[in-house]
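Here is the file upload_27.tsv (TSV, C-alpha atoms and all ligand atoms).
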chain	number	residue	atom	x	y	z
Z	157	MET	CA	28.26	-9.42	12.35
Z	158	ALA	CA	27.77	-7.69	9.04
Z	159	GLY	CA	30.31	-9.87	7.15
Z	160	GLU	CA	34.10	-10.06	6.89
Z	161	GLY	CA	35.72	-6.62	6.63
Z	162	VAL	CA	32.33	-4.97	6.61
Z	163	HIS	CA	31.73	-2.27	9.19
Z	164	VAL	CA	28.33	-0.83	10.13
Z	165	GLN	CA	28.38	2.52	11.90
Z	166	GLN	CA	25.42	4.55	13.11
Z	167	VAL	CA	25.76	8.09	11.70
Z	168	ALA	CA	22.50	9.78	12.73
Z	169	SER	CA	20.33	9.41	15.78
Z	170	LYS	CA	17.64	6.80	16.25
Z	171	GLY	CA	13.95	7.59	16.65
Z	172	LEU	CA	12.84	8.48	13.14
Z	173	ILE	CA	9.39	7.00	12.54
Z	174	ILE	CA	10.12	6.10	8.92
Z	175	GLY	CA	13.64	7.14	7.95
Z	176	GLU	CA	13.72	6.83	4.15
Z	177	GLY	CA	14.86	8.11	0.80
Z	178	PRO	CA	18.68	8.45	1.25
Z	179	HIS	CA	20.25	10.45	-1.59
Z	180	TRP	CA	23.94	11.42	-1.70
Z	181	VAL	CA	24.89	14.94	-2.86
Z	182	MET	CA	28.58	14.84	-3.81
Z	183	ASP	CA	29.08	18.64	-4.24
Z	184	ARG	CA	28.13	19.20	-0.63
Z	185	CYS	CA	29.26	15.89	0.77
Z	186	CYS	CA	25.90	15.42	2.32
Z	187	LEU	CA	23.28	12.75	2.72
Z	188	LEU	CA	19.66	13.72	2.22
Z	189	PHE	CA	16.95	11.59	3.80
Z	190	VAL	CA	13.43	12.00	5.16
Z	191	ASP	CA	11.27	11.06	8.13
Z	192	ILE	CA	8.08	10.35	6.21
Z	193	MET	CA	5.52	10.53	9.00
Z	194	ARG	CA	6.96	13.69	10.58
Z	195	GLY	CA	7.03	15.52	7.23
Z	196	GLU	CA	10.75	16.22	7.61
Z	197	MET	CA	13.72	16.42	5.27
Z	198	HIS	CA	17.17	15.82	6.76
Z	199	ARG	CA	20.65	16.83	5.59
Z	200	LEU	CA	23.68	15.20	7.16
Z	201	PHE	CA	27.01	16.77	6.18
Z	202	THR	CA	29.09	13.68	6.78
Z	203	ASP	CA	32.51	15.37	7.15
Z	204	THR	CA	31.42	17.78	9.88
Z	205	ARG	CA	28.49	15.70	11.19
Z	206	ARG	CA	26.27	18.79	10.99
Z	207	HIS	CA	22.73	17.44	10.89
Z	208	GLN	CA	19.96	19.75	9.69
Z	209	LYS	CA	16.29	19.10	9.49
Z	210	LEU	CA	13.46	20.96	7.86
Z	211	HIS	CA	9.76	20.50	8.45
Z	212	VAL	CA	7.74	21.21	5.33
Z	213	GLU	CA	4.30	22.70	5.92
Z	214	PRO	CA	1.57	20.55	4.38
Z	215	GLU	CA	-0.66	22.11	1.74
Z	216	GLY	CA	-3.87	20.13	2.12
Z	217	ALA	CA	-3.03	16.86	0.34
Z	218	GLY	CA	-1.42	15.08	3.31
Z	219	ASP	CA	1.40	15.88	5.71
Z	220	SER	CA	3.84	13.04	4.97
Z	221	LEU	CA	7.13	13.77	3.20
Z	222	SER	CA	8.17	10.63	1.38
Z	223	PHE	CA	11.13	11.52	-0.84
Z	224	VAL	CA	13.57	14.34	-1.52
Z	225	VAL	CA	15.56	14.77	-4.74
Z	226	PRO	CA	17.72	17.80	-5.63
Z	227	VAL	CA	16.76	19.85	-8.69
Z	228	LYS	CA	19.81	19.81	-10.99
Z	229	ASN	CA	21.74	23.10	-11.27
Z	230	HIS	CA	19.63	24.66	-8.48
Z	231	PRO	CA	21.58	23.80	-5.33
Z	232	ASP	CA	18.94	25.00	-2.86
Z	233	LEU	CA	15.88	23.58	-4.62
Z	234	TYR	CA	14.45	20.11	-3.93
Z	235	ALA	CA	11.57	18.10	-5.33
Z	236	VAL	CA	9.61	16.37	-2.58
Z	237	GLY	CA	6.68	13.99	-2.25
Z	238	LEU	CA	4.31	15.78	0.11
Z	239	GLY	CA	1.22	13.70	0.87
Z	240	ARG	CA	-0.38	13.18	-2.58
Z	241	SER	CA	1.55	16.09	-4.10
Z	242	VAL	CA	4.90	16.63	-5.73
Z	243	ALA	CA	6.25	20.03	-4.76
Z	244	LEU	CA	9.39	22.15	-4.91
Z	245	VAL	CA	10.92	23.37	-1.67
Z	246	GLU	CA	13.79	25.79	-1.18
Z	247	TRP	CA	16.29	24.96	1.58
Z	248	LEU	CA	19.38	27.11	2.00
Z	249	GLU	CA	22.55	25.65	3.49
Z	250	THR	CA	22.71	28.72	5.75
Z	251	ASP	CA	19.27	28.01	7.22
Z	252	PRO	CA	19.12	27.11	10.93
Z	253	ASP	CA	19.31	23.41	11.77
Z	254	ALA	CA	15.64	22.84	12.60
Z	255	HIS	CA	12.95	25.00	11.13
Z	256	THR	CA	9.83	25.02	8.97
Z	257	ARG	CA	9.39	26.14	5.39
Z	258	LYS	CA	6.45	26.46	3.02
Z	259	VAL	CA	6.54	24.77	-0.37
Z	260	LYS	CA	7.62	27.12	-3.16
Z	261	VAL	CA	5.28	25.58	-5.67
Z	262	THR	CA	3.06	22.50	-5.83
Z	263	LEU	CA	3.63	20.82	-9.20
Z	264	HIS	CA	0.94	18.13	-9.17
Z	265	THR	CA	-1.59	16.57	-6.82
Z	266	VAL	CA	-2.80	13.07	-7.64
Z	267	GLU	CA	-5.49	10.60	-6.57
Z	268	SER	CA	-8.02	13.09	-5.16
Z	269	ASP	CA	-10.53	10.22	-5.15
Z	270	THR	CA	-8.41	8.40	-2.52
Z	271	PRO	CA	-7.48	11.27	-0.16
Z	272	THR	CA	-5.68	9.05	2.37
Z	273	ASN	CA	-3.22	7.77	-0.23
Z	274	ARG	CA	0.29	9.21	-0.18
Z	275	PHE	CA	3.41	9.22	-2.28
Z	276	ASN	CA	6.14	6.82	-1.20
Z	277	ASP	CA	9.60	6.33	-2.73
Z	278	GLY	CA	10.77	8.60	-5.60
Z	279	LYS	CA	13.92	8.53	-7.77
Z	280	CYS	CA	15.20	10.02	-11.01
Z	281	ASP	CA	16.03	8.12	-14.18
Z	282	PRO	CA	19.30	8.82	-16.06
Z	283	ARG	CA	17.56	11.58	-18.09
Z	284	GLY	CA	16.45	13.29	-14.88
Z	285	ARG	CA	12.77	12.37	-15.06
Z	286	LEU	CA	11.31	11.91	-11.57
Z	287	TRP	CA	9.55	8.59	-10.93
Z	288	ALA	CA	7.42	8.18	-7.81
Z	289	GLY	CA	4.69	5.81	-6.71
Z	290	THR	CA	1.84	5.96	-4.24
Z	291	MET	CA	0.24	3.71	-1.63
Z	292	ALA	CA	-2.88	3.55	0.53
Z	293	GLN	CA	-2.82	4.35	4.24
Z	294	GLU	CA	-1.27	1.62	6.41
Z	295	SER	CA	-2.60	0.48	9.78
Z	296	ALA	CA	0.79	-1.20	10.37
Z	297	PRO	CA	3.81	-1.69	8.08
Z	298	GLY	CA	2.61	-3.62	5.04
Z	299	VAL	CA	-1.00	-3.71	6.27
Z	300	LEU	CA	-3.02	-1.66	3.80
Z	301	PRO	CA	-5.72	-1.94	1.13
Z	302	LYS	CA	-4.13	-3.46	-1.96
Z	303	GLU	CA	-3.76	-2.12	-5.52
Z	304	LYS	CA	-4.86	1.44	-4.69
Z	305	GLY	CA	-1.67	3.13	-5.86
Z	306	HIS	CA	-0.03	4.15	-9.12
Z	307	ILE	CA	3.41	4.91	-10.47
Z	308	PHE	CA	3.91	8.37	-11.93
Z	309	CYS	CA	6.64	9.86	-14.06
Z	310	LEU	CA	7.24	13.61	-13.82
Z	311	ASN	CA	8.86	14.69	-17.07
Z	312	ASN	CA	11.53	17.37	-17.55
Z	313	ASP	CA	8.85	19.80	-18.77
Z	314	LEU	CA	6.90	19.12	-15.55
Z	315	THR	CA	4.09	17.24	-17.26
Z	316	LEU	CA	3.01	14.15	-15.33
Z	317	ASP	CA	2.33	10.67	-16.75
Z	318	CYS	CA	0.67	7.85	-14.87
Z	319	THR	CA	2.68	4.82	-15.97
Z	320	MET	CA	1.08	1.98	-14.02
Z	321	ASP	CA	-1.97	1.29	-11.89
Z	322	LYS	CA	-2.87	-1.40	-9.33
Z	323	ILE	CA	0.23	-0.70	-7.25
Z	324	SER	CA	0.01	-1.68	-3.58
Z	325	LEU	CA	3.18	-0.28	-1.96
Z	326	SER	CA	5.51	1.50	-4.35
Z	327	ASN	CA	9.22	1.09	-3.56
Z	328	GLY	CA	12.60	0.18	-5.05
Z	329	LEU	CA	13.38	2.11	-8.26
Z	330	ALA	CA	16.77	1.79	-10.01
Z	331	TRP	CA	18.02	1.85	-13.60
Z	332	SER	CA	20.70	-0.29	-15.23
Z	333	HIS	CA	23.85	1.45	-16.48
Z	334	ASP	CA	22.94	0.86	-20.13
Z	335	LYS	CA	19.61	2.60	-19.32
Z	336	LYS	CA	17.70	-0.30	-20.87
Z	337	THR	CA	16.29	-1.81	-17.68
Z	338	PHE	CA	14.17	-0.34	-14.90
Z	339	TYR	CA	14.12	-2.23	-11.58
Z	340	TYR	CA	11.08	-1.82	-9.38
Z	341	ILE	CA	9.60	-3.18	-6.15
Z	342	ASP	CA	5.96	-3.38	-5.20
Z	343	SER	CA	6.64	-4.41	-1.60
Z	344	MET	CA	3.33	-6.22	-1.25
Z	345	ALA	CA	4.24	-8.51	-4.16
Z	346	TYR	CA	7.40	-9.46	-2.17
Z	347	SER	CA	9.21	-9.25	-5.46
Z	348	VAL	CA	12.01	-7.38	-7.21
Z	349	ASP	CA	10.97	-6.89	-10.82
Z	350	ALA	CA	12.61	-5.68	-14.03
Z	351	PHE	CA	11.08	-3.85	-17.00
Z	352	ASP	CA	12.51	-2.94	-20.39
Z	353	TYR	CA	13.18	0.79	-20.32
Z	354	ASP	CA	13.18	3.21	-23.24
Z	355	ILE	CA	15.34	6.10	-22.10
Z	356	GLY	CA	14.20	8.21	-25.08
Z	357	THR	CA	10.53	8.13	-24.17
Z	358	GLY	CA	10.52	6.92	-20.54
Z	359	LYS	CA	8.22	4.04	-21.52
Z	360	ILE	CA	8.35	0.72	-19.62
Z	361	GLY	CA	7.31	-2.76	-20.77
Z	362	ASN	CA	7.97	-6.52	-20.54
Z	363	ARG	CA	7.68	-6.88	-16.74
Z	364	ARG	CA	9.48	-9.93	-15.31
Z	365	GLN	CA	10.55	-11.13	-11.90
Z	366	VAL	CA	14.16	-10.91	-10.69
Z	367	VAL	CA	13.75	-12.30	-7.16
Z	368	ASP	CA	10.70	-13.73	-5.40
Z	369	PHE	CA	11.38	-13.03	-1.70
Z	370	LYS	CA	9.12	-15.82	-0.44
Z	371	ALA	CA	10.51	-18.42	-2.85
Z	372	VAL	CA	14.09	-17.78	-1.67
Z	373	GLY	CA	13.07	-17.99	1.98
Z	374	LEU	CA	13.21	-14.28	2.82
Z	375	ASP	CA	10.42	-14.20	5.36
Z	376	PRO	CA	9.09	-12.06	7.09
Z	377	ASP	CA	11.23	-9.61	5.07
Z	378	ILE	CA	9.41	-6.97	3.01
Z	379	PRO	CA	11.51	-5.66	0.09
Z	380	ASP	CA	11.76	-1.88	0.40
Z	381	GLY	CA	14.24	0.68	-1.04
Z	382	MET	CA	16.87	-0.30	-3.62
Z	383	CYS	CA	19.95	1.06	-5.37
Z	384	ILE	CA	22.41	-0.21	-7.96
Z	385	ASP	CA	26.22	-0.46	-7.70
Z	386	SER	CA	28.81	0.14	-10.40
Z	387	ASN	CA	28.82	-3.60	-11.29
Z	388	GLY	CA	25.09	-3.48	-11.94
Z	389	ASP	CA	24.18	-5.45	-8.80
Z	390	LEU	CA	21.10	-4.42	-6.81
Z	391	TRP	CA	21.17	-3.60	-3.08
Z	392	VAL	CA	17.78	-4.06	-1.43
Z	393	ALA	CA	16.64	-2.97	2.05
Z	394	CYS	CA	14.73	-5.70	3.91
Z	395	PHE	CA	12.03	-4.27	6.19
Z	396	TYR	CA	11.41	-6.67	9.14
Z	397	GLY	CA	14.55	-8.53	7.98
Z	398	ALA	CA	17.36	-6.59	9.75
Z	399	LYS	CA	19.45	-6.77	6.61
Z	400	VAL	CA	20.41	-5.46	3.21
Z	401	ILE	CA	20.82	-7.99	0.42
Z	402	CYS	CA	22.80	-7.77	-2.80
Z	403	ILE	CA	21.28	-9.38	-5.89
Z	404	ASP	CA	22.97	-10.12	-9.21
Z	405	PRO	CA	20.06	-9.40	-11.57
Z	406	THR	CA	21.58	-11.45	-14.40
Z	407	THR	CA	21.83	-14.70	-12.41
Z	408	ARG	CA	18.91	-13.68	-10.16
Z	409	LYS	CA	20.96	-14.92	-7.19
Z	410	ILE	CA	21.44	-13.30	-3.80
Z	411	LYS	CA	25.19	-12.68	-3.58
Z	412	ARG	CA	25.46	-11.15	-0.12
Z	413	LYS	CA	23.50	-10.44	3.03
Z	414	ILE	CA	24.59	-7.60	5.30
Z	415	THR	CA	23.20	-7.89	8.82
Z	416	MET	CA	22.00	-4.61	10.33
Z	417	PRO	CA	21.53	-3.79	14.04
Z	418	THR	CA	17.82	-3.00	13.73
Z	419	LYS	CA	14.90	-4.81	12.19
Z	420	ASN	CA	13.14	-2.37	9.89
Z	421	ILE	CA	15.61	-1.45	7.16
Z	422	THR	CA	13.96	0.90	4.70
Z	423	SER	CA	16.36	2.12	2.02
Z	424	VAL	CA	19.92	2.30	0.72
Z	425	CYS	CA	22.15	4.54	-1.39
Z	426	PHE	CA	25.86	4.72	-2.12
Z	427	GLY	CA	27.77	7.85	-1.16
Z	428	GLY	CA	30.93	9.14	0.48
Z	429	HIS	CA	33.97	10.67	-1.24
Z	430	ASP	CA	34.33	7.75	-3.68
Z	431	TYR	CA	30.82	6.22	-3.49
Z	432	SER	CA	32.13	3.25	-1.50
Z	433	THR	CA	29.92	3.84	1.57
Z	434	LEU	CA	26.45	2.36	1.59
Z	435	TYR	CA	24.09	4.61	3.56
Z	436	VAL	CA	21.13	2.80	5.08
Z	437	THR	CA	17.95	4.20	6.66
Z	438	SER	CA	15.57	2.50	9.08
Z	439	SER	CA	12.17	2.79	10.73
Z	440	SER	CA	10.85	2.35	14.25
Z	441	LEU	CA	7.29	1.53	13.12
Z	442	GLY	CA	5.84	-1.87	13.95
Z	443	LEU	CA	8.39	-2.71	16.68
Z	444	THR	CA	7.54	-3.61	20.26
Z	445	PRO	CA	8.45	-0.99	22.93
Z	446	GLU	CA	11.30	-3.34	24.02
Z	447	GLU	CA	12.66	-3.54	20.48
Z	448	VAL	CA	12.49	0.24	20.13
Z	449	LYS	CA	14.45	0.56	23.38
Z	450	GLU	CA	17.07	-2.05	22.56
Z	451	GLN	CA	17.68	-1.35	18.87
Z	452	PRO	CA	18.94	1.75	17.05
Z	453	ALA	CA	15.51	1.84	15.38
Z	454	GLY	CA	14.98	4.75	12.99
Z	455	ALA	CA	18.73	5.50	12.86
Z	456	THR	CA	20.82	6.05	9.73
Z	457	PHE	CA	23.91	3.93	9.14
Z	458	ALA	CA	27.07	3.97	7.03
Z	459	VAL	CA	28.29	0.57	5.83
Z	460	THR	CA	31.96	0.50	4.76
Z	461	GLY	CA	34.35	-2.23	3.66
Z	462	LEU	CA	31.93	-3.73	1.14
Z	463	GLY	CA	34.55	-3.63	-1.63
Z	464	VAL	CA	32.10	-2.21	-4.15
Z	465	LYS	CA	31.18	1.29	-5.24
Z	466	GLY	CA	28.01	2.99	-6.30
Z	467	ILE	CA	27.43	5.70	-8.84
Z	468	ALA	CA	26.10	9.24	-8.57
Z	469	PRO	CA	22.32	9.22	-8.06
Z	470	ASP	CA	20.46	11.12	-10.76
Z	471	GLU	CA	18.95	14.50	-9.96
Z	472	PHE	CA	15.71	16.02	-11.22
Z	473	VAL	CA	16.29	17.85	-14.49
Z	474	VAL	CA	13.75	20.59	-15.28
Z	475	ASP	CA	13.65	22.67	-18.47
Z	476	GLU	CA	14.92	26.08	-17.37
Z	477	GLU	CA	12.19	28.05	-19.13
Z	478	VAL	CA	9.44	25.91	-17.64
Z	479	LEU	CA	10.99	26.21	-14.19
Z	480	LYS	CA	11.30	29.98	-14.44
Z	481	ARG	CA	7.60	30.26	-15.35
Z	482	LYS	CA	6.59	27.94	-12.47
Z	483	LEU	CA	8.63	29.78	-9.87
Z	484	GLY	CA	7.25	33.08	-11.17
Z	501	LIG	C1	6.89	2.70	3.46
Z	501	LIG	C2	6.35	2.24	4.78
Z	501	LIG	C3	6.16	0.73	4.73
Z	501	LIG	C4	7.43	0.06	4.33
Z	501	LIG	C5	7.24	-1.44	4.19
Z	501	LIG	C6	8.13	1.97	3.15
Z	501	LIG	O1	8.63	2.38	1.91
Z	501	LIG	O2	7.11	4.09	3.47
Z	501	LIG	O3	5.16	2.91	5.05
Z	501	LIG	O4	5.71	0.24	5.96
Z	501	LIG	O5	7.87	0.58	3.09
Z	501	LIG	O6	8.28	-2.01	3.52
Z	502	CA	CA	10.70	2.89	0.72
Show this structure as structure tokens.
Amino acid sequence: MAGEGVHVQQVASKGLIIGEGPHWVMDRCCLLFVDIMRGEMHRLFTDTRRHQKLHVEPEGAGDSLSFVVPVKNHPDLYAVGLGRSVALVEWLETDPDAHTRKVKVTLHTVESDTPTNRFNDGKCDPRGRLWAGTMAQESAPGVLPKEKGHIFCLNNDLTLDCTMDKISLSNGLAWSHDKKTFYYIDSMAYSVDAFDYDIGTGKIGNRRQVVDFKAVGLDPDIPDGMCIDSNGDLWVACFYGAKVICIDPTTRKIKRKITMPTKNITSVCFGGHDYSTLYVTSSSLGLTPEEVKEQPAGATFAVTGLGVKGIAPDEFVVDEEVLKRKLG
């Protein structure tokens, strides 16, 4: 049971290794998401159920594809986290459903001194800067060398800033509606944190804790992806916890728990015609063969009847002149 009036429906097939990074594109009525370990981007046109996938050819800095964000005003162009790189990929709506494409341009490659690191979650702030963090290689979900990653901010002029070091497993990422607070999750700290945010400069400061997963009894849950609804409440995917939780960041209380039909819930985003559907991704990593058989592990879900709405996710804004030069 997901809760009274709440309905959970599977909308895309199970079997993704790490389904992640859901992002709703209203113009096209489509949900973007990725399968990190297979290096794939997915597009699910929810009205017609057409489901496309694209494999992006790696360029030497790792073959994972950890996030996909549309480039604003360029409907076929996407920014992706490809291994340790951030790159731009072109993907036409008329392309066949499953094929391979080369990156159009690699924007930045980071952490050459730790070649097995990779990017993880990435999201845009309300000015269209792209924030993305890295992590070391895992031997199992959440089992990895600690504090080897960083958080990066890719500015609108395509310059890259490293904004924080000693990150273990970069996740979460959401901004408050007044643009003054940045919410962030380092999964290995089992904590949802807030920072003051300066939207003018993109600078963060004054880190504080919103929810300590262990202290509130969320165990073995690992906090993973996060989004914000129109009330300013946070929705957090609980890996190993078979649920999504809703947190009021002002009271720091958990308001709701939505039970999901599989254990490893990875990320969330609001979408649908009026942003009232919560799309949820999942992973089949770290489950026993029986669990993989019995659960819709790695599937994507639509949760309706929550009685709340989200807002449009921000897209990557790039200065047109800079973009023209980059694309050549
Ligand atoms: C990562 C996975 C990790 C999981 C744990 C995800 O964001 O991509 O590799 O196992 O978080 O919460
Ligand atoms: Ca994630």
- Task: Give me the residues within 8 Å of stretch 262-277 of chain Z as an MDAnalysis selection string, counting all atoms listed in the file and dropping any in the same chain fewer than 4 places off.
- Result: chainID Z and resid 177 217:218 220 222:223 237:244 288:293 304:305 314 316 325:329 381
- Task: Determine, counting all atoms listed in the file, which protein, DNA and RNA residues have an atom within 12 Å of an atom of Z:Ala371; residues of the same chain fewer than 5 positions away are not included. Present the result as a PyMOL selection string.
- Result: chain Z and resi 345-348+365-366+376-377+409
- Query: In Å, how far is it from atom CA of Z:Gln208 to atom CA of Z:Leu441?
  - Reply: 22.5 Å
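Every protein, DNA or RNA residue with an atom at most 6 Å from Z:Lys419, where all atoms listed in the file count and chain neighbours fewer than 3 positions away do not, is listed here: Tyr396, Gly397 and Ala398 of chain Z.
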Atoms to include: C-alpha atoms. Write the selected residues as a PDB file, in the frame of the given file.
ATOM      1  CA  TYR Z 396      11.410  -6.670   9.140  1.00  0.00           C
ATOM      2  CA  GLY Z 397      14.550  -8.530   7.980  1.00  0.00           C
ATOM      3  CA  ALA Z 398      17.360  -6.590   9.750  1.00  0.00           C
TER       4      ALA Z 398
END
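Taking atom CA of Z:Lys465 and atom CA of Z:Tyr431 as endpoints, the distance between them is 5.2 Å.
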- Contacts to ligand LIG 501 (chain Z) at 6 Å cut-off (all atoms listed in the file) as a ChimeraX atom specification: /Z:276,297-298,327,343,378-380,395
- Proximity to Z:Met193 - best of Z:Asp232, Z:Glu476, Z:Glu294, Z:Glu249, all atoms listed in the file: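 For Z:Met193, the nearest of the candidates is Z:Glu294.
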- Which of these, Z:Thr460, Z:Asn362, Z:Ser324, Z:Ser169, has the shortest distance to Z:Phe338 once you count all atoms listed in the file?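 Checking each candidate against Z:Phe338, we get Z:Asn362 as the closest.
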- For atom CA of Z:Leu300 and atom CA of Z:Asp342, quote the distance in Å rounded to one decimal. 12.8 Å
- Go through Z:Ala235, Z:Ile403, Z:Leu483, Z:Ala455 one by one, measure the shortest atom-to-atom distance of each to Z:Asp191 using only C-alpha atoms, and give the residue with the smallest value.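 Closest to Z:Asp191, using only C-alpha atoms: Z:Ala455.
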- Measuring atom to atom with all atoms listed in the file, identify which of Z:Asn387, Z:Ser432, Z:Ser438, Z:Thr456 is nearest to ligand CA 502 (chain Z).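 Of all the options, Z:Ser438 lies closest to ligand CA 502 (chain Z).
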